[in-house]
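J.: This is model-v5.cif (mmCIF, C-alpha atoms).
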data_protein
#
loop_
_atom_site.label_atom_id
_atom_site.label_comp_id
_atom_site.auth_asym_id
_atom_site.auth_seq_id
_atom_site.Cartn_x
_atom_site.Cartn_y
_atom_site.Cartn_z
CA MET A 1132 -30.27 -28.33 9.05
CA THR A 1133 -32.76 -25.78 7.71
CA VAL A 1134 -31.64 -24.13 4.52
CA VAL A 1135 -32.72 -21.30 2.27
CA THR A 1136 -32.30 -21.41 -1.49
CA MET A 1137 -30.81 -18.42 -3.23
CA ALA A 1138 -28.71 -17.53 -6.26
CA ILE A 1139 -25.20 -16.11 -6.38
CA ASP A 1140 -24.13 -14.84 -9.81
CA GLY A 1141 -26.92 -16.88 -11.39
CA GLU A 1142 -25.91 -20.14 -9.69
CA PRO A 1143 -28.55 -21.68 -7.38
CA LEU A 1144 -27.36 -22.49 -3.88
CA ALA A 1145 -28.75 -23.96 -0.63
CA VAL A 1146 -27.35 -22.19 2.44
CA PRO A 1147 -28.00 -22.84 6.15
CA VAL A 1148 -30.49 -20.45 7.70
CA GLY A 1149 -28.71 -17.77 9.70
CA SER A 1150 -25.70 -17.58 7.37
CA THR A 1151 -24.48 -14.24 6.14
CA LEU A 1152 -24.06 -13.51 2.45
CA LEU A 1153 -20.31 -13.57 3.03
CA GLN A 1154 -20.55 -17.13 4.35
CA ALA A 1155 -22.78 -18.07 1.42
CA CYS A 1156 -20.19 -16.65 -0.98
CA HIS A 1157 -17.44 -18.66 0.73
CA GLN A 1158 -19.61 -21.77 0.42
CA ARG A 1159 -19.98 -21.01 -3.29
CA GLY A 1160 -16.21 -20.46 -3.61
CA VAL A 1161 -16.59 -16.75 -4.35
CA VAL A 1162 -13.81 -14.73 -2.74
CA LEU A 1163 -14.81 -11.19 -1.81
CA PRO A 1164 -12.29 -8.57 -0.72
CA THR A 1165 -12.76 -7.67 2.96
CA LEU A 1166 -10.90 -5.53 5.48
CA CYS A 1167 -13.07 -5.00 8.56
CA HIS A 1168 -14.19 -8.63 8.60
CA LEU A 1169 -12.23 -11.06 10.78
CA ASP A 1170 -13.40 -14.59 11.53
CA GLY A 1171 -14.12 -14.76 15.26
CA LEU A 1172 -15.31 -11.16 15.58
CA GLN A 1173 -18.81 -9.74 15.16
CA PRO A 1174 -19.26 -8.07 11.74
CA VAL A 1175 -19.77 -4.31 11.50
CA GLY A 1176 -19.76 -3.50 7.78
CA ALA A 1177 -17.27 -0.66 8.22
CA CYS A 1178 -15.04 -1.00 5.16
CA ARG A 1179 -17.74 -1.48 2.46
CA LEU A 1180 -15.44 -3.68 0.38
CA CYS A 1181 -17.76 -6.73 0.42
CA LEU A 1182 -20.72 -4.84 -1.07
CA LEU A 1183 -22.94 -6.96 -3.31
CA GLU A 1184 -25.76 -6.13 -5.68
CA LEU A 1185 -29.10 -7.36 -4.43
CA GLY A 1186 -31.82 -8.23 -6.97
CA GLY A 1187 -31.51 -6.17 -10.12
CA GLY A 1188 -28.66 -4.10 -8.78
CA GLU A 1189 -30.80 -1.31 -7.40
CA ARG A 1190 -29.49 -1.93 -3.89
CA LEU A 1191 -26.01 -2.55 -2.50
CA VAL A 1192 -25.62 -4.53 0.72
CA PRO A 1193 -22.52 -5.51 2.72
CA ALA A 1194 -22.14 -9.29 2.49
CA CYS A 1195 -20.63 -9.57 5.99
CA LEU A 1196 -23.72 -8.09 7.69
CA THR A 1197 -26.60 -9.30 5.53
CA PRO A 1198 -28.35 -12.56 6.46
CA VAL A 1199 -29.40 -14.85 3.61
CA ALA A 1200 -33.12 -15.09 2.84
CA GLU A 1201 -35.25 -17.41 0.76
CA GLY A 1202 -35.21 -16.52 -2.92
CA MET A 1203 -32.42 -13.95 -2.55
CA VAL A 1204 -30.59 -13.11 -5.77
CA VAL A 1205 -27.17 -11.44 -5.52
CA ARG A 1206 -24.40 -10.54 -7.92
CA THR A 1207 -20.84 -10.36 -6.65
CA ASP A 1208 -18.80 -9.22 -9.64
CA THR A 1209 -20.24 -6.53 -11.90
CA LEU A 1210 -18.42 -3.64 -13.55
CA GLN A 1211 -20.17 -1.26 -11.15
CA LEU A 1212 -19.12 -3.29 -8.09
CA ARG A 1213 -15.53 -3.46 -9.35
CA ALA A 1214 -15.51 0.32 -9.76
CA TRP A 1215 -16.95 0.90 -6.26
CA ARG A 1216 -14.51 -1.51 -4.63
CA ARG A 1217 -11.55 0.03 -6.37
CA LEU A 1218 -12.63 3.53 -5.39
CA THR A 1219 -13.11 2.37 -1.78
CA VAL A 1220 -9.53 1.13 -1.61
CA GLU A 1221 -8.27 4.30 -3.33
CA LEU A 1222 -10.03 6.41 -0.70
CA LEU A 1223 -8.46 4.35 2.10
CA PHE A 1224 -4.99 4.95 0.65
CA ALA A 1225 -5.66 8.66 0.10
CA GLU A 1226 -7.20 9.20 3.53
CA GLY A 1227 -4.23 8.01 5.60
CA ASN A 1228 -0.46 8.10 5.22
CA HIS A 1229 0.18 4.66 3.79
CA VAL A 1230 3.78 4.55 2.64
CA CYS A 1231 4.23 0.83 2.13
CA ALA A 1232 7.99 1.08 1.65
CA CYS A 1233 8.54 2.23 5.23
CA CYS A 1234 5.75 0.39 7.05
CA VAL A 1235 6.29 -2.48 9.49
CA ALA A 1236 3.47 -4.39 7.79
CA ASN A 1237 4.93 -4.16 4.26
CA GLY A 1238 4.34 -7.55 2.67
CA ALA A 1239 2.01 -8.72 5.45
CA CYS A 1240 -0.72 -6.10 5.01
CA GLU A 1241 -4.34 -6.70 4.12
CA LEU A 1242 -4.69 -3.20 2.65
CA GLN A 1243 -1.91 -4.08 0.18
CA ASP A 1244 -3.76 -7.37 -0.49
CA ALA A 1245 -7.02 -5.48 -1.05
CA ALA A 1246 -5.28 -3.17 -3.54
CA VAL A 1247 -4.06 -6.20 -5.48
CA ALA A 1248 -7.52 -7.82 -5.29
CA VAL A 1249 -9.24 -4.79 -6.83
CA GLY A 1250 -6.51 -4.25 -9.40
CA LEU A 1251 -5.33 -0.93 -7.98
CA ASP A 1252 -2.28 0.32 -9.87
CA HIS A 1253 -2.54 3.94 -8.74
CA VAL A 1254 -4.73 6.23 -6.66
CA SER A 1255 -6.75 8.66 -8.78
CA VAL A 1256 -7.97 10.87 -5.93
CA ALA A 1257 -5.75 13.41 -4.15
CA TYR A 1258 -3.75 12.18 -1.16
CA GLN A 1259 -4.76 14.03 1.99
CA TYR A 1260 -1.55 13.76 4.08
CA PRO A 1261 -3.40 14.16 7.41
CA ARG A 1262 -1.36 15.04 10.49
CA ARG A 1263 -1.65 11.99 12.73
CA HIS A 1264 0.43 10.84 15.64
CA VAL A 1265 2.06 7.69 16.92
CA ASP A 1266 1.32 6.35 20.41
CA ALA A 1267 4.33 4.36 21.58
CA SER A 1268 3.54 4.68 25.28
CA HIS A 1269 2.77 1.00 25.74
CA PRO A 1270 5.86 -0.99 26.77
CA ARG A 1271 5.35 -3.74 24.17
CA PHE A 1272 3.14 -2.37 21.41
CA ALA A 1273 2.61 0.82 19.45
CA LEU A 1274 -0.22 2.45 17.53
CA ASP A 1275 0.60 4.40 14.37
CA HIS A 1276 -2.53 6.31 13.42
CA ASN A 1277 -1.01 7.06 9.99
CA HIS A 1278 -1.76 3.48 8.94
CA CYS A 1279 -5.16 3.09 10.64
CA ILE A 1280 -8.13 2.46 8.33
CA LEU A 1281 -10.72 2.49 11.16
CA CYS A 1282 -11.83 -1.09 10.54
CA THR A 1283 -12.37 -1.43 14.34
CA ARG A 1284 -11.03 -4.98 14.43
CA CYS A 1285 -8.88 -3.98 17.43
CA VAL A 1286 -11.90 -2.47 19.19
CA ARG A 1287 -13.90 -5.65 18.73
CA ALA A 1288 -11.05 -8.05 19.56
CA CYS A 1289 -10.38 -6.23 22.84
CA ASP A 1290 -14.06 -6.05 23.74
CA GLU A 1291 -15.33 -9.42 22.54
CA LEU A 1292 -12.34 -11.69 23.11
CA GLU A 1293 -10.40 -10.14 25.97
CA GLY A 1294 -13.31 -8.33 27.61
CA ALA A 1295 -11.08 -5.36 28.41
CA HIS A 1296 -12.58 -2.77 26.01
CA VAL A 1297 -9.47 -0.63 26.00
CA TRP A 1298 -10.17 0.59 22.46
CA ASP A 1299 -12.97 2.72 21.11
CA VAL A 1300 -13.69 5.14 18.27
CA ALA A 1301 -13.80 8.87 18.88
CA TRP A 1302 -14.47 12.07 16.91
CA ARG A 1303 -16.07 12.37 13.52
CA GLY A 1304 -15.30 12.60 9.82
CA SER A 1305 -11.63 13.08 9.00
CA HIS A 1306 -10.90 13.53 12.73
CA CYS A 1307 -12.27 10.07 13.52
CA GLN A 1308 -9.69 7.90 15.27
CA ILE A 1309 -9.15 4.93 17.53
CA ILE A 1310 -8.60 5.91 21.16
CA ALA A 1311 -7.31 3.99 24.16
CA GLY A 1312 -9.31 4.33 27.39
CA LEU A 1313 -10.71 7.84 27.64
CA ASP A 1314 -8.40 9.16 24.91
CA GLN A 1315 -5.35 8.47 27.07
CA PRO A 1316 -1.88 7.27 26.11
CA TRP A 1317 -2.19 3.51 25.60
CA GLY A 1318 0.45 2.81 28.23
CA ALA A 1319 -1.58 4.73 30.82
CA VAL A 1320 -4.72 2.60 30.39
CA GLU A 1321 -4.78 0.16 33.29
CA ALA A 1322 -7.52 -1.97 31.68
CA CYS A 1323 -5.04 -3.17 29.03
CA THR A 1324 -3.88 -6.72 29.81
CA SER A 1325 -1.12 -6.57 27.14
CA CYS A 1326 -2.65 -9.67 25.54
CA GLY A 1327 -1.75 -8.42 22.05
CA GLN A 1328 -4.99 -9.55 20.43
CA CYS A 1329 -5.57 -6.07 18.96
CA VAL A 1330 -2.15 -6.30 17.34
CA ASP A 1331 -2.96 -9.70 15.88
CA ALA A 1332 -6.29 -8.40 14.60
CA CYS A 1333 -4.92 -5.25 12.90
CA PRO A 1334 -4.98 -5.66 9.09
CA THR A 1335 -2.34 -2.97 8.48
CA GLY A 1336 0.73 -1.66 10.25
CA ALA A 1337 -1.31 0.59 12.57
CA LEU A 1338 -0.92 -1.68 15.60
CA PHE A 1339 2.36 -3.46 15.89
CA ASP A 1340 4.64 -5.23 18.27
CA LYS A 1341 7.68 -3.09 18.99
CA HIS A 1342 9.80 -6.16 18.20
CA ASP A 1343 8.53 -5.94 14.61
CA GLY A 1344 9.75 -2.47 13.76
CA SER A 1345 13.19 -1.93 12.35
CA SER A 1346 14.04 1.14 14.41
CA GLU A 1347 11.94 0.16 17.42
CA ARG A 1348 13.30 -3.34 17.52
CA GLN A 1349 13.75 -4.61 21.07
CA PRO A 1350 15.07 -8.15 20.74
CA GLN A 1351 14.74 -10.34 23.83
CA ARG A 1352 18.39 -11.19 24.17
CA GLU A 1353 17.87 -13.07 27.42
CA ARG A 1354 15.67 -15.65 25.75
CA ALA A 1355 18.46 -17.92 24.49
CA ALA A 1356 20.04 -18.14 27.93
CA LEU A 1357 16.69 -18.84 29.55
CA LEU A 1358 15.96 -21.64 27.08
CA ARG A 1359 19.37 -23.22 27.53
CA GLN A 1360 19.04 -23.07 31.28
CA ALA A 1361 15.55 -24.54 31.07
CA ARG A 1362 16.76 -27.47 28.97
CA GLU A 1363 19.84 -28.19 31.05
CA THR A 1364 18.21 -27.92 34.45
CA ARG A 1365 14.76 -29.09 33.26
CA GLN A 1366 13.46 -26.03 35.06
CA TRP A 1367 10.81 -24.63 32.73
CA HIS A 1368 9.50 -21.86 34.95
CA ASN A 1369 11.15 -19.29 37.13
CA GLN A 1370 11.16 -20.17 40.82
CA GLY A 1371 7.82 -19.36 42.40
CA GLU A 1372 5.94 -19.25 39.09
CA GLY A 1373 3.23 -21.77 38.36
CA PRO A 1374 3.08 -23.74 35.11
CA MET B 388 12.06 -13.63 -28.00
CA THR B 389 13.59 -15.16 -31.08
CA GLN B 390 15.77 -13.56 -33.72
CA GLU B 391 12.87 -13.60 -36.21
CA GLN B 392 10.72 -11.42 -33.98
CA VAL B 393 13.22 -8.59 -33.72
CA PRO B 394 11.69 -5.53 -35.36
CA THR B 395 13.38 -3.71 -38.22
CA ARG B 396 13.51 -0.52 -36.14
CA ARG B 397 14.62 -0.66 -32.55
CA LEU B 398 12.27 1.17 -30.19
CA ARG B 399 13.61 4.35 -28.63
CA LEU B 400 13.60 3.81 -24.85
CA ALA B 401 14.26 6.48 -22.24
CA THR B 402 14.60 6.07 -18.47
CA VAL B 403 14.21 9.12 -16.26
CA TRP B 404 15.18 9.75 -12.65
CA LEU B 405 13.05 12.34 -10.84
CA ALA B 406 12.64 12.48 -7.02
CA GLY B 407 13.52 8.91 -6.13
CA CYS B 408 16.42 6.97 -4.69
CA SER B 409 17.43 5.36 -8.03
CA GLY B 410 16.41 2.00 -6.59
CA CYS B 411 14.07 1.41 -9.53
CA HIS B 412 16.99 1.92 -11.88
CA MET B 413 19.08 -0.47 -9.76
CA SER B 414 16.25 -2.98 -10.12
CA LEU B 415 16.33 -2.42 -13.88
CA LEU B 416 20.02 -3.34 -13.80
CA ASP B 417 18.99 -6.51 -11.93
CA LEU B 418 17.63 -7.75 -15.25
CA ASP B 419 21.22 -8.94 -15.76
CA GLU B 420 21.67 -10.90 -19.01
CA TRP B 421 18.19 -9.94 -20.21
CA LEU B 422 19.63 -6.44 -20.68
CA PHE B 423 21.37 -7.82 -23.78
CA GLU B 424 17.96 -8.92 -25.04
CA LEU B 425 16.61 -5.46 -24.22
CA ALA B 426 19.42 -3.86 -26.19
CA ARG B 427 18.48 -5.89 -29.28
CA TRP B 428 14.94 -4.58 -29.11
CA ALA B 429 15.43 -1.06 -27.90
CA GLU B 430 17.91 1.76 -28.25
CA ILE B 431 18.40 3.54 -24.94
CA VAL B 432 18.32 7.19 -25.99
CA TYR B 433 18.24 8.83 -22.55
CA SER B 434 19.03 7.37 -19.15
CA PRO B 435 21.02 8.20 -16.00
CA ILE B 436 22.55 4.72 -16.08
CA ALA B 437 22.96 3.98 -19.79
CA SER B 438 23.31 7.20 -21.74
CA ASP B 439 25.28 10.41 -21.58
CA THR B 440 22.64 12.49 -23.39
CA LYS B 441 21.87 15.61 -21.38
CA VAL B 442 18.64 16.75 -23.04
CA PHE B 443 15.58 14.54 -23.31
CA PRO B 444 15.40 13.69 -27.04
CA GLU B 445 12.53 13.84 -29.51
CA ASN B 446 10.52 10.83 -30.71
CA VAL B 447 10.87 8.55 -27.72
CA ASP B 448 8.70 5.44 -27.89
CA ILE B 449 8.73 4.41 -24.22
CA ALA B 450 9.74 6.51 -21.21
CA LEU B 451 10.20 4.78 -17.85
CA VAL B 452 9.93 7.50 -15.21
CA GLU B 453 11.23 6.82 -11.72
CA GLY B 454 10.49 9.22 -8.88
CA ALA B 455 7.91 11.73 -7.74
CA VAL B 456 7.74 15.34 -8.89
CA ALA B 457 9.30 17.35 -6.07
CA ASN B 458 11.01 20.39 -7.62
CA THR B 459 10.91 22.69 -10.62
CA ASP B 460 13.49 20.61 -12.52
CA ASN B 461 11.40 17.46 -12.01
CA ARG B 462 8.32 19.27 -13.27
CA ALA B 463 10.02 20.73 -16.34
CA LEU B 464 11.52 17.37 -17.29
CA ALA B 465 8.17 15.63 -16.75
CA LEU B 466 6.42 18.07 -19.09
CA LEU B 467 9.21 17.75 -21.68
CA LEU B 468 9.29 13.96 -21.64
CA ARG B 469 5.50 13.82 -21.96
CA ALA B 470 5.61 16.02 -25.03
CA ARG B 471 8.36 13.89 -26.60
CA SER B 472 7.22 10.36 -25.67
CA ARG B 473 4.60 8.07 -27.14
CA LEU B 474 4.13 6.01 -23.96
CA VAL B 475 4.91 7.18 -20.42
CA VAL B 476 5.32 4.60 -17.65
CA ALA B 477 5.15 5.60 -13.97
CA PHE B 478 8.00 3.39 -12.86
CA GLY B 479 7.92 2.43 -9.17
CA ASP B 480 6.09 3.64 -6.07
CA CYS B 481 7.54 7.18 -5.97
CA ALA B 482 6.26 7.92 -9.47
CA VAL B 483 2.99 6.08 -8.81
CA THR B 484 2.14 7.30 -5.29
CA GLY B 485 4.70 9.91 -4.21
CA ASN B 486 5.96 7.35 -1.65
CA VAL B 487 8.88 8.38 0.59
CA PRO B 488 9.67 11.75 -1.08
CA ALA B 489 6.04 12.78 -0.53
CA LEU B 490 6.34 12.23 3.23
CA ARG B 491 7.42 15.87 3.41
CA ASN B 492 3.85 16.81 2.41
CA LEU B 493 2.98 16.25 6.09
CA TRP B 494 4.59 19.64 6.71
CA SER B 495 4.95 22.85 4.75
CA CYS B 496 7.83 23.11 2.34
CA GLN B 497 9.35 25.96 4.35
CA SER B 498 9.24 24.11 7.67
CA VAL B 499 10.94 21.08 6.09
CA LEU B 500 13.69 23.35 4.70
CA ASP B 501 14.06 25.08 8.08
CA ARG B 502 14.35 21.74 9.84
CA SER B 503 16.80 20.21 7.34
CA TYR B 504 19.10 23.13 6.59
CA GLY B 505 18.65 25.23 9.74
CA GLU B 506 17.88 23.32 12.91
CA LEU B 507 19.83 20.19 12.01
CA ALA B 508 22.86 21.90 10.50
CA ASP B 509 26.12 21.38 12.39
CA GLN B 510 27.91 24.35 10.85
CA THR B 511 26.90 27.40 8.78
CA PRO B 512 23.16 26.78 8.64
CA GLN B 513 21.77 28.32 5.44
CA HIS B 514 19.05 27.60 2.96
CA PRO B 515 20.24 26.42 -0.45
CA HIS B 516 19.53 29.30 -2.78
CA ALA B 517 21.10 29.43 -6.22
CA PRO B 518 18.56 30.40 -8.89
CA GLY B 519 19.17 28.53 -12.11
CA VAL B 520 21.48 26.06 -10.37
CA VAL B 521 19.59 24.52 -7.46
CA PRO B 522 15.94 23.91 -8.42
CA GLU B 523 13.30 25.28 -6.08
CA LEU B 524 11.15 22.75 -4.22
CA LEU B 525 7.47 22.60 -5.12
CA GLU B 526 5.13 23.19 -2.19
CA ARG B 527 3.79 19.67 -2.63
CA VAL B 528 5.49 16.50 -3.85
CA LEU B 529 3.20 14.96 -6.48
CA PRO B 530 2.86 11.53 -8.05
CA LEU B 531 3.64 11.68 -11.77
CA HIS B 532 0.02 11.33 -12.92
CA GLN B 533 -0.91 14.55 -11.11
CA VAL B 534 1.54 16.44 -13.34
CA ILE B 535 1.34 14.68 -16.73
CA ALA B 536 -0.81 11.99 -18.33
CA VAL B 537 0.54 8.52 -17.54
CA ASP B 538 -0.15 5.54 -19.78
CA LEU B 539 0.97 2.70 -17.52
CA PHE B 540 1.58 2.31 -13.79
CA VAL B 541 4.18 -0.12 -12.43
CA PRO B 542 4.09 -0.06 -8.62
CA GLY B 543 6.77 -1.49 -6.33
CA CYS B 544 9.52 -0.15 -4.11
CA PRO B 545 11.32 -1.06 -6.17
CA PRO B 546 9.50 -3.11 -8.80
CA SER B 547 11.37 -6.40 -8.99
CA ALA B 548 13.42 -7.22 -12.08
CA ALA B 549 10.87 -9.91 -12.91
CA ARG B 550 8.07 -7.33 -12.72
CA ILE B 551 10.00 -4.89 -14.93
CA ARG B 552 10.61 -7.63 -17.47
CA ALA B 553 6.91 -8.57 -17.42
CA VAL B 554 6.19 -4.94 -18.33
CA LEU B 555 8.94 -4.38 -20.91
CA GLN B 556 8.62 -7.66 -22.80
CA PRO B 557 5.08 -7.03 -24.12
CA LEU B 558 5.78 -3.31 -24.62
CA LEU B 559 8.74 -4.08 -26.86
CA GLN B 560 6.45 -6.25 -28.95
CA GLY B 561 3.86 -3.50 -29.22
CA ARG B 562 1.41 -4.85 -26.65
CA MET B 563 0.21 -3.29 -23.40
CA PRO B 564 1.03 -5.49 -20.40
CA VAL B 565 -1.79 -6.54 -18.08
CA LEU B 566 -0.65 -6.18 -14.48
CA GLU B 567 -2.62 -8.44 -12.15
CA GLY B 568 -1.85 -10.31 -8.96
CA ALA B 569 0.60 -9.66 -6.14
CA ASP B 570 3.68 -10.51 -8.23
CA LEU B 571 3.02 -7.70 -10.69
CA LEU B 572 0.85 -5.17 -8.88
CA ARG B 573 1.66 -4.88 -5.19
CA PHE B 574 2.71 -1.54 -3.69
CA GLY B 575 5.78 -1.56 -1.44
#
Can you turn what I pasted into structure tokens?
T.:
Amino acid sequence: MTVVTMAIDGEPLAVPVGSTLLQACHQRGVVLPTLCHLDGLQPVGACRLCLLELGGGERLVPACLTPVAEGMVVRTDTLQLRAWRRLTVELLFAEGNHVCACCVANGACELQDAAVAVGLDHVSVAYQYPRRHVDASHPRFALDHNHCILCTRCVRACDELEGAHVWDVAWRGSHCQIIAGLDQPWGAVEACTSCGQCVDACPTGALFDKHDGSSERQPQRERAALLRQARETRQWHNQGEGP
Amino acid sequence: MTQEQVPTRRLRLATVWLAGCSGCHMSLLDLDEWLFELARWAEIVYSPIASDTKVFPENVDIALVEGAVANTDNRALALLLRARSRLVVAFGDCAVTGNVPALRNLWSCQSVLDRSYGELADQTPQHPHAPGVVPELLERVLPLHQVIAVDLFVPGCPPSAARIRAVLQPLLQGRMPVLEGADLLRFG
């Protein structure tokens, strides 16, 4: 295995060639806050939470996108980086309508985790309260743009894992949003296989299974009977269905 | 806290209820037997759940403020309590972020009133209007720190009793609490 030698926070380290700085940090045991990163998906550097100081601090680079190089010197935890990271999370909260108390992801949300990680006790910038909509046209899932942080994990999961490319990013600036198909209702996009990988990838409550919501809850009441029947008759599949 | 540590003068503690559901105050009551401990250390001089005082008093040491600032009464009380308190704590998500009361900021104040008191009324739709009795809504619901200076932020909807205790215990002993980690800091 070919390695490069580098230093993270003053500690020398040998890292396999081709690693990213984020992987090098993990190898070193340094935990960086991330939101757009998801193991298994290509990195994009959208959220800017994993920024590191390169060299003497004159340049900031996203750890998830930057390959390691021989002699590289990075710092992961300076006062300046802490301030940037905190402000980044503040801006994410202020930009959308994140009301944790009435969100399906409350308690299982990576934006909440990021706020804890950067020590966010309040948001110092003005909340924007943008008018955003909810797309509940899909029979099983829903997209609440109020909670979307534009990390594009759903876009990449659908494209790279499922190969369906239902999701994309449209418009600019504060109008930027995730769209299904050609900006159609999600339920009208025939390319969607209903695999749910976008829902699993979503760090917040933007994409959710309708079963998860309190008011949208659609429990599968037939499941118990199906399971009992399957056990008693040892018939695990409906007639005509393959295994 | 032992008997020896009890100060000669009990701190003057106020709790305030602005635009919130009172859940933070309910969580305060969840401190159960520790409330007796609290009473040894602090005199509750103003509170919707523990005092009958109508006017926010002078010389308050610690003010726990639940709720966002949504109307003219909220704003007047916020300004008064700031002037009369040494340390102001934004107590819970509504005070810290605006939270659920601030959801109405997605629309104009007038359209929310029209919807609530006009379109959805079963009988005699009319806007509440009683100057001096019913406070006027502010155009925007604001977190507390956008109205007055706040010294300490305690997020949570509501903050758990354990979190409240982790805040009050050092405060009563004259120290600022350090809120770190999901147990003490998490929104929601």
J.: With only C-alpha atoms counted and 7 Å as the cut-off, give the residues of chain A in contact with chain B, each with its shortest interatomic distance in Å and the pair that gives it, as CSV.
T.:
residue,atom,partner,partner_atom,distance
A:Val1230,CA,B:Asn486,CA,5.6
A:Cys1231,CA,B:Gly575,CA,4.6
A:Ala1232,CA,B:Gly575,CA,4.6
A:Asn1237,CA,B:Gly575,CA,6.3
A:Gln1243,CA,B:Arg573,CA,6.5
A:Val1247,CA,B:Gly568,CA,5.8
A:Gly1250,CA,B:Glu567,CA,6.3
A:Asp1252,CA,B:Phe540,CA,5.9
A:His1253,CA,B:Val483,CA,5.9
A:Tyr1260,CA,B:Leu493,CA,5.5
A:Pro1261,CA,B:Leu493,CA,6.8
A:Arg1262,CA,B:Leu493,CA,6.3
J.: For atom CA of B:Arg552 and atom CA of B:Leu468, determine how far apart the two atoms are, in Å to one decimal place.
T.: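 If I compute the distance from atom CA of B:Arg552 to atom CA of B:Leu468, I get 22.0 Å.
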J.: Let me make sure I understand: among B:Pro488, B:Pro515, B:Pro435, B:Gly454, which one has the smallest atom-to-atom distance to B:Val476 if we use all atoms listed in the file?
T.: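 Checking each of B:Pro488, B:Pro515, B:Pro435, B:Gly454 against B:Val476, counting all atoms listed in the file, the winner is B:Gly454.
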J.: Run the PyMOL selection byres ((chain A and resi 1208) around 12) mentally over the shown coordinates, then write out the matched residues as a compact mmCIF listing (two decimals) with C-alpha atoms, keeping the file's coordinate frame, using the chain letters and numbers from the document.
T.:
# COMPACT_ATOMS: atom_id res chain seq x y z
CA ILE A 1139 -25.20 -16.11 -6.38
CA ASP A 1140 -24.13 -14.84 -9.81
CA GLY A 1141 -26.92 -16.88 -11.39
CA CYS A 1156 -20.19 -16.65 -0.98
CA VAL A 1161 -16.59 -16.75 -4.35
CA VAL A 1162 -13.81 -14.73 -2.74
CA LEU A 1163 -14.81 -11.19 -1.81
CA PRO A 1164 -12.29 -8.57 -0.72
CA LEU A 1180 -15.44 -3.68 0.38
CA CYS A 1181 -17.76 -6.73 0.42
CA LEU A 1182 -20.72 -4.84 -1.07
CA LEU A 1183 -22.94 -6.96 -3.31
CA GLU A 1184 -25.76 -6.13 -5.68
CA LEU A 1185 -29.10 -7.36 -4.43
CA GLY A 1188 -28.66 -4.10 -8.78
CA VAL A 1205 -27.17 -11.44 -5.52
CA ARG A 1206 -24.40 -10.54 -7.92
CA THR A 1207 -20.84 -10.36 -6.65
CA THR A 1209 -20.24 -6.53 -11.90
CA LEU A 1210 -18.42 -3.64 -13.55
CA GLN A 1211 -20.17 -1.26 -11.15
CA LEU A 1212 -19.12 -3.29 -8.09
CA ARG A 1213 -15.53 -3.46 -9.35
CA ALA A 1214 -15.51 0.32 -9.76
CA TRP A 1215 -16.95 0.90 -6.26
CA ARG A 1216 -14.51 -1.51 -4.63
CA VAL A 1249 -9.24 -4.79 -6.83
J.: Find the residues around A:Gln1315 up to 12 Å (all atoms listed in the file counted), leave out those fewer than 2 positions away in its own chain, and share them as a list in words.
T.: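 That gives Asp1266, Ala1267, Ser1268, His1269, Val1297, Trp1298, Asp1299, Ala1301, Ile1309, Ile1310, Ala1311, Gly1312, Leu1313, Trp1317, Gly1318, Ala1319, Val1320, Glu1321, Ala1322 and Cys1323 of chain A.
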J.: Between atom CA of B:Asp417 and atom CA of B:Arg462, what is the spacing in Å?
T.: 27.9 Å
J.: For atom CA of B:Pro444 and atom CA of B:Thr395, quote the distance in Å rounded to one decimal.
T.: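 One can read the atom CA of B:Pro444 to atom CA of B:Thr395 distance as 20.8 Å.
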J.: Give the padded box for stretch 437-443 of chain B as JSON: axis-aligned, covering all atoms listed in the file, 6 Å on each side, centre and edge lengths in Å to one decimal.
T.:
{"center_x": 20.4, "center_y": 10.4, "center_z": -21.6, "size_x": 21.7, "size_y": 24.8, "size_z": 15.6}
J.: Need the neighbours of (-33.8, -27.6, -1.1): which residues are at most 12 Å away, counting all atoms listed in the file, as a CSV table (one decimal) with C-alpha atoms, in the frame of the given file?
T.:
chain,number,residue,atom,x,y,z
A,1132,MET,CA,-30.3,-28.3,9.0
A,1133,THR,CA,-32.8,-25.8,7.7
A,1134,VAL,CA,-31.6,-24.1,4.5
A,1135,VAL,CA,-32.7,-21.3,2.3
A,1136,THR,CA,-32.3,-21.4,-1.5
A,1137,MET,CA,-30.8,-18.4,-3.2
A,1143,PRO,CA,-28.6,-21.7,-7.4
A,1144,LEU,CA,-27.4,-22.5,-3.9
A,1145,ALA,CA,-28.8,-24.0,-0.6
A,1146,VAL,CA,-27.4,-22.2,2.4
A,1147,PRO,CA,-28.0,-22.8,6.2
A,1148,VAL,CA,-30.5,-20.4,7.7
A,1201,GLU,CA,-35.2,-17.4,0.8
A,1202,GLY,CA,-35.2,-16.5,-2.9
J.: Name the residues that the PyMOL selection byres ((chain A and resi 1256) around 8) picks from the file above, as a PyMOL selection string, using the file's chain letters and numbers.
T.: chain A and resi 1221-1222+1225+1254-1255+1257-1258
J.: With C-alpha atoms retained, could you export that selection as a PDB file, in the frame of the given file?
T.:
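Written out: part09.pdb:
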ATOM      1  CA  GLU A1221      -8.270   4.300  -3.330  1.00  0.00           C
ATOM      2  CA  LEU A1222     -10.030   6.410  -0.700  1.00  0.00           C
ATOM      3  CA  ALA A1225      -5.660   8.660   0.100  1.00  0.00           C
ATOM      4  CA  VAL A1254      -4.730   6.230  -6.660  1.00  0.00           C
ATOM      5  CA  SER A1255      -6.750   8.660  -8.780  1.00  0.00           C
ATOM      6  CA  ALA A1257      -5.750  13.410  -4.150  1.00  0.00           C
ATOM      7  CA  TYR A1258      -3.750  12.180  -1.160  1.00  0.00           C
TER       8      TYR A1258
END
J.: For the provided coordinates, the residues matched by the PyMOL selection byres ((chain B and resi 426) around 12) should be stated as a list in words.
T.: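 Checking the PyMOL selection byres ((chain B and resi 426) around 12) against this file, the residues are Val393, Arg397, Leu398, Arg399, Leu400, Leu418, Asp419, Glu420, Trp421, Leu422, Phe423, Glu424, Leu425, Arg427, Trp428, Ala429, Glu430, Ile431, Val432, Ala437, Leu555, Gln556 and Leu559 of chain B.
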